[in-house]
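A.B. asks: Take a look at this one; I'll ask things after.
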2 protein chains.
Amino acid sequence: MSAIIRFMNYEQLLRERDLKVTPQRLGILTLMHQSGHISIEDLYEKISRQFSSISLATLYKNVHAMIETALVKEVKIPSMKSKYELIKAPHAHLLCTQCGSFEDVSVPMEQIEAMLPHGVHFKTTESSLVFSGICETCQKG
Amino acid sequence: MSAIIRFMNYEQLLRERDLKVTPQRLGILTLMHQSGHISIEDLYEKISRQFSSISLATLYKNVHAMIETALVKEVKIPSMKSKYELIKAPHAHLLCTQCGSFEDVSVPMEQIEAMLPHGVHFKTTESSLVFSGICETCQKG
DNA sequence: AGCTAAGTGAGAAAAGTTATCCTTAAAAAC
DNA sequence: GTTTTTAAGGATAACTTTTCTCACTTAGCT
Ligand SMILES: [Mn+2]
Ligand SMILES: [Mn+2]
Ligand SMILES: [Zn+2]
Ligand SMILES: [Zn+2]
C-alpha cells in the first residue's frame with residue numbers, strides 16, 4: 001500500500017524527466033530510498049535479487065540517467081567508494097571511520113556558504129560537506 | 001636554489017616517515033607542490049617528462065604510501081576525478097563548474113564542525129568541504 | 001665497499017566502467 | 001485494443017583505471 005504510493009511517486013518522478021517507467025528503475029529507486037545511501041556494488045547485489053538477469057550496464061546507464069535528470073546524486077566520500085542517494089534538501093554527512101556508518105546530518109548549508117572570506121567572489125550553487133570521525137555508538141562501545 | 005631547499009624539506013618529510021628518498025618521490029612531491037592539486041593522470045603525464053620510464057605502478061604505490069603516512073591527501077571532488085595535494089592546514093575548496101578551476105579557500109573548519117545539531121554526538125576528526133559554483137573570472141567573462 | 005631492505009619498471013591481471021548490438025517492452029499513435 | 005515507434009534491457013566486448021607480480025636496481029646502513 002505505502003509501497004504502491006511510493007511506486008506511483010517514482011513513476012511520476014521518472015515521467016517528469018521523460019524517463020520510461022520500468023520495473024528495473026522502480027527497483028533502483030526503491031533500493032536507494034530504503035538504503036539512504038548505496039554504492040553501485042551494493043545496489044547491483046541487491047537489485048540482482050529482484051531481477052536476476054539485470055545487467056551491470058543497465059544499472060550504470062540508469063544511475064547516470066537519474067543523475068543527469070537530477071533525481072539522484074553521487075556522494076563522494078573520503079577513502080571509500082561513492083554512494084548514491086535520491087536528491088533531497090541540502091544536507092551534510094557523517095562518516096564513522098571506525099564502523100563505516102554513513103548518515104545524513106542536518107546542517108544549514110546556506111549559512112556555511114556564507115562563511116567564505118570577504119573578498120572571495122565565488123557564486124556557490126551547491127556545496128558538499130562530509131564530517132569524518134567517530135559515531136556515537138563507536139564512542140560508547 | 002630554492003629548489004634545493006625545497007628538495008631538502010621533502011627529503012626530511014620522507015625520512016620522518018621511513019620512506020626512502022628517491023628521485024621519483026622528490027619529483028612527485030615537487031609536482032604536487034607546484035600544481036597545488038593534481039590528478040593521477042596529470043601527475044603521470046608531467047612526471048613522465050622527467051622520468052621517461054617511470055611506471056604507473058610506481059606512481060600509484062608512492063601516492064598511496066604518501067597518503068598512508070599523512071604526507072599527501074586525496075581530495076574527492078563532485079563530478080570529477082580525485083586530485084591529490086600535500087597536506088597542510090585544514091581548508092575548503094572552490095570548484096568552478098564552468099572553467100573547472102579548483103582552488104583552496106580559507107574557511108574556519110573548526111567553526112563549521114561546531115555547527116552540527118545539538119543532540120548529534122559525533123566526534124569529528126576531519127571534514128571535507130567543497131563549494132561548487134562560478135568563479136570570479138567566469139562571472140565577469 | 002658490501003649487505004639488506006625497500007623501491008622501480010614492465011607487463012599481466014584484476015577491477016571498474018562504457019560501448020555495441022540485438023532483443024524486448026513501454027509509450028504513443030491509430 | 002492493435003500497431004508503430006522509440007527507449008530501455010541484456011549480453012558481451014572493449015576500454016579505462018588500479019593493483020599485483022617479479023626480476024632488477026638503488027638507498028641507507030655498517
Ligand atoms: Mn545524504
Ligand atoms: Mn587544497
Ligand atoms: Zn561508528
Ligand atoms: Zn571559472
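Ordering of the C-alpha cells sets the chain letters (A, B, ...), residue numbers begin anew at 1 in every chain, and ligands are numbered from 1 in the order given.
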Could you list, with a cut-off of 12 Å and counting only C-alpha atoms (C1' of nucleotides), the residues of chain D near chain A, each shown with its nearest atom pair and the distance in Å rounded to one decimal, rows sorted by chain and ascending number, as JSON lines?
C.D. replies:
```
{"residue": "D:DT6", "atom": "C1'", "partner": "A:Lys20", "partner_atom": "CA", "distance": 10.4}
{"residue": "D:DA7", "atom": "C1'", "partner": "A:Lys20", "partner_atom": "CA", "distance": 7.2}
{"residue": "D:DA8", "atom": "C1'", "partner": "A:Lys20", "partner_atom": "CA", "distance": 7.8}
{"residue": "D:DG9", "atom": "C1'", "partner": "A:Thr58", "partner_atom": "CA", "distance": 6.5}
{"residue": "D:DG10", "atom": "C1'", "partner": "A:Ser55", "partner_atom": "CA", "distance": 5.7}
{"residue": "D:DA11", "atom": "C1'", "partner": "A:Ser55", "partner_atom": "CA", "distance": 8.0}
{"residue": "D:DT12", "atom": "C1'", "partner": "A:Ala57", "partner_atom": "CA", "distance": 10.5}
```
A.B. asks: Let me have all residues with an atom within 7 Å of ligand 2, counting only C-alpha atoms (C1' of nucleotides) and all ligand atoms, laid out as a PyMOL selection string.
C.D. replies: chain B and resi 36-37+85+91-93+103-104
A.B. asks: List every residue of segment 21-111 of chain B that DSSP, applied to the backbone, labels as helix (DSSP H, G or I), and write the result as a ChimeraX atom specification.
C.D. replies: /B:23-35,40-50,56-68,109-111
A.B. asks: Go ahead and write the residues just picked, N, CA, C and O atoms, as a compact mmCIF listing (two decimals), in the first residue's frame.
C.D. replies:
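Result file again.txt:
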```txt
# COMPACT_ATOMS: atom_id res chain seq x y z
N PRO B 23 64.54 9.77 -6.41
CA PRO B 23 64.29 10.89 -7.33
C PRO B 23 62.82 10.93 -7.76
O PRO B 23 62.23 12.01 -7.88
N GLN B 24 62.23 9.77 -7.95
CA GLN B 24 60.82 9.73 -8.34
C GLN B 24 59.94 10.38 -7.28
O GLN B 24 59.04 11.16 -7.59
N ARG B 25 60.21 10.06 -6.03
CA ARG B 25 59.39 10.63 -4.96
C ARG B 25 59.58 12.14 -4.85
O ARG B 25 58.61 12.87 -4.64
N LEU B 26 60.82 12.58 -5.00
CA LEU B 26 61.03 14.02 -4.95
C LEU B 26 60.31 14.70 -6.10
O LEU B 26 59.72 15.78 -5.95
N GLY B 27 60.31 14.05 -7.24
CA GLY B 27 59.60 14.60 -8.39
C GLY B 27 58.11 14.69 -8.14
O GLY B 27 57.47 15.70 -8.45
N ILE B 28 57.56 13.65 -7.58
CA ILE B 28 56.12 13.64 -7.28
C ILE B 28 55.77 14.76 -6.32
O ILE B 28 54.83 15.52 -6.55
N LEU B 29 56.54 14.88 -5.27
CA LEU B 29 56.25 15.92 -4.28
C LEU B 29 56.40 17.31 -4.87
O LEU B 29 55.57 18.20 -4.60
N THR B 30 57.43 17.49 -5.68
CA THR B 30 57.63 18.80 -6.30
C THR B 30 56.46 19.15 -7.21
O THR B 30 55.93 20.27 -7.16
N LEU B 31 56.02 18.18 -7.99
CA LEU B 31 54.90 18.46 -8.89
C LEU B 31 53.62 18.76 -8.11
O LEU B 31 52.84 19.63 -8.50
N MET B 32 53.42 18.04 -7.03
CA MET B 32 52.22 18.31 -6.24
C MET B 32 52.27 19.71 -5.65
O MET B 32 51.27 20.41 -5.62
N HIS B 33 53.45 20.07 -5.20
CA HIS B 33 53.57 21.41 -4.63
C HIS B 33 53.34 22.49 -5.68
O HIS B 33 52.63 23.46 -5.45
N GLN B 34 53.92 22.26 -6.84
CA GLN B 34 53.76 23.25 -7.92
C GLN B 34 52.32 23.36 -8.39
O GLN B 34 51.82 24.46 -8.65
N SER B 35 51.66 22.23 -8.52
CA SER B 35 50.30 22.24 -9.06
C SER B 35 49.26 22.63 -8.02
O SER B 35 48.17 23.05 -8.37
N ILE B 40 45.95 11.96 -10.83
CA ILE B 40 46.92 10.93 -11.14
C ILE B 40 47.35 11.02 -12.60
O ILE B 40 48.52 10.91 -12.93
N GLU B 41 46.36 11.22 -13.43
CA GLU B 41 46.61 11.29 -14.86
C GLU B 41 47.60 12.41 -15.20
O GLU B 41 48.61 12.19 -15.88
N ASP B 42 47.33 13.59 -14.71
CA ASP B 42 48.21 14.73 -14.97
C ASP B 42 49.57 14.53 -14.33
O ASP B 42 50.60 14.91 -14.90
N LEU B 43 49.56 13.96 -13.16
CA LEU B 43 50.81 13.71 -12.47
C LEU B 43 51.68 12.76 -13.29
O LEU B 43 52.88 12.98 -13.45
N TYR B 44 51.06 11.76 -13.85
CA TYR B 44 51.80 10.80 -14.65
C TYR B 44 52.35 11.45 -15.91
O TYR B 44 53.50 11.24 -16.28
N GLU B 45 51.52 12.26 -16.51
CA GLU B 45 51.94 12.94 -17.73
C GLU B 45 53.15 13.84 -17.43
O GLU B 45 54.14 13.81 -18.15
N LYS B 46 53.07 14.57 -16.35
CA LYS B 46 54.15 15.51 -16.04
C LYS B 46 55.41 14.82 -15.55
O LYS B 46 56.52 15.20 -15.90
N ILE B 47 55.24 13.81 -14.73
CA ILE B 47 56.42 13.17 -14.18
C ILE B 47 57.13 12.34 -15.24
O ILE B 47 58.34 12.13 -15.17
N SER B 48 56.37 11.92 -16.23
CA SER B 48 56.98 11.15 -17.31
C SER B 48 57.98 11.99 -18.10
O SER B 48 58.88 11.44 -18.75
N ARG B 49 57.80 13.29 -18.06
CA ARG B 49 58.76 14.15 -18.76
C ARG B 49 60.12 14.09 -18.08
O ARG B 49 61.15 14.13 -18.73
N GLN B 50 60.11 13.98 -16.75
CA GLN B 50 61.37 13.91 -16.03
C GLN B 50 61.93 12.50 -15.99
O GLN B 50 63.12 12.29 -16.07
N LEU B 56 53.47 3.48 -14.06
CA LEU B 56 52.24 3.89 -13.38
C LEU B 56 52.15 3.22 -12.02
O LEU B 56 51.67 3.80 -11.05
N ALA B 57 52.65 2.00 -11.95
CA ALA B 57 52.62 1.28 -10.67
C ALA B 57 53.40 2.03 -9.61
O ALA B 57 52.97 2.14 -8.46
N THR B 58 54.53 2.55 -10.00
CA THR B 58 55.35 3.33 -9.08
C THR B 58 54.59 4.55 -8.58
O THR B 58 54.60 4.87 -7.38
N LEU B 59 53.92 5.19 -9.50
CA LEU B 59 53.15 6.37 -9.15
C LEU B 59 52.06 6.03 -8.14
O LEU B 59 51.95 6.65 -7.07
N TYR B 60 51.28 5.03 -8.44
CA TYR B 60 50.20 4.64 -7.53
C TYR B 60 50.74 4.21 -6.17
O TYR B 60 50.24 4.59 -5.13
N LYS B 61 51.80 3.41 -6.21
CA LYS B 61 52.36 2.94 -4.95
C LYS B 61 52.84 4.11 -4.10
O LYS B 61 52.60 4.16 -2.90
N ASN B 62 53.49 5.04 -4.73
CA ASN B 62 54.01 6.17 -3.97
C ASN B 62 52.91 7.08 -3.45
O ASN B 62 52.95 7.51 -2.30
N VAL B 63 51.94 7.35 -4.29
CA VAL B 63 50.86 8.21 -3.82
C VAL B 63 50.18 7.54 -2.62
O VAL B 63 49.90 8.19 -1.61
N HIS B 64 49.97 6.26 -2.70
CA HIS B 64 49.35 5.57 -1.57
C HIS B 64 50.22 5.59 -0.33
O HIS B 64 49.75 5.82 0.77
N ALA B 65 51.50 5.35 -0.54
CA ALA B 65 52.41 5.38 0.61
C ALA B 65 52.38 6.76 1.26
O ALA B 65 52.41 6.88 2.49
N MET B 66 52.30 7.78 0.44
CA MET B 66 52.31 9.14 0.98
C MET B 66 50.98 9.48 1.65
O MET B 66 50.94 10.29 2.58
N ILE B 67 49.93 8.89 1.18
CA ILE B 67 48.64 9.11 1.84
C ILE B 67 48.65 8.41 3.20
O ILE B 67 48.24 8.97 4.21
N GLU B 68 49.15 7.17 3.19
CA GLU B 68 49.15 6.41 4.44
C GLU B 68 50.03 7.05 5.52
O GLU B 68 49.78 6.87 6.70
N MET B 109 37.38 25.72 9.63
CA MET B 109 36.77 24.41 9.67
C MET B 109 36.28 24.03 11.07
O MET B 109 35.27 23.34 11.21
N GLU B 110 36.96 24.49 12.10
CA GLU B 110 36.52 24.16 13.46
C GLU B 110 35.14 24.75 13.73
O GLU B 110 34.28 24.11 14.34
N GLN B 111 34.96 25.95 13.21
CA GLN B 111 33.66 26.60 13.39
C GLN B 111 32.56 25.81 12.68
O GLN B 111 31.47 25.63 13.22
```
A.B. asks: Which residues of chain C are close to chain B, meaning at most 8 Å apart when you count only C-alpha atoms (C1' of nucleotides), and how do they look as a list in words?
C.D. replies: DA6, DG7, DT8, DG9 and DA10 of chain C
A.B. asks: Could you please extract the residues within 9 Å of ligand 4, counting only C-alpha atoms (C1' of nucleotides) and all ligand atoms, and hand them back as a PyMOL selection string?
C.D. replies: chain B and resi 95-102+133-139
A.B. asks: Please produce an output containing C-alpha atoms for each residue in the selection, written as a PDB file, in the first residue's frame.
C.D. replies:
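Written output follows (part.pdb):
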```
ATOM      1  CA  LEU B  95      35.296  24.253  -7.786  1.00  0.00           C
ATOM      2  CA  CYS B  96      34.195  26.311 -10.761  1.00  0.00           C
ATOM      3  CA  THR B  97      31.717  24.268 -12.742  1.00  0.00           C
ATOM      4  CA  GLN B  98      32.284  26.465 -15.758  1.00  0.00           C
ATOM      5  CA  CYS B  99      36.051  26.588 -16.230  1.00  0.00           C
ATOM      6  CA  GLY B 100      36.965  23.692 -13.952  1.00  0.00           C
ATOM      7  CA  SER B 101      39.311  25.709 -11.783  1.00  0.00           C
ATOM      8  CA  PHE B 102      39.904  24.176  -8.393  1.00  0.00           C
ATOM      9  CA  GLY B 133      29.749  27.266  -8.370  1.00  0.00           C
ATOM     10  CA  ILE B 134      31.062  30.017 -10.593  1.00  0.00           C
ATOM     11  CA  CYS B 135      34.438  31.607 -10.005  1.00  0.00           C
ATOM     12  CA  GLU B 136      35.025  35.331 -10.163  1.00  0.00           C
ATOM     13  CA  THR B 137      36.664  35.178 -13.577  1.00  0.00           C
ATOM     14  CA  CYS B 138      33.789  33.239 -15.112  1.00  0.00           C
ATOM     15  CA  GLN B 139      31.257  35.610 -13.565  1.00  0.00           C
TER      16      GLN B 139
END
```
A.B. asks: Could you please tell me, as a ChimeraX atom specification, which residues of chain B have an atom within 9 Å of chain A when using only C-alpha atoms?
C.D. replies: /B:74-79,94,96,105-108,112-113,115-117,120-136,139
A.B. asks: Tell me, in Å to one decimal, how far atom C1' of DG28 of chain D is from atom CA of Leu86 of chain B.
C.D. replies: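 That distance, rounded to one decimal, is 25.0 Å.
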A.B. asks: Using DSSP on the backbone, list every residue of segment 24-118 of chain A that comes out as strand (DSSP E), and give them as a VMD selection string.
C.D. replies: chain A and resid 72 to 77 80 to 86 92 to 96 102 to 105
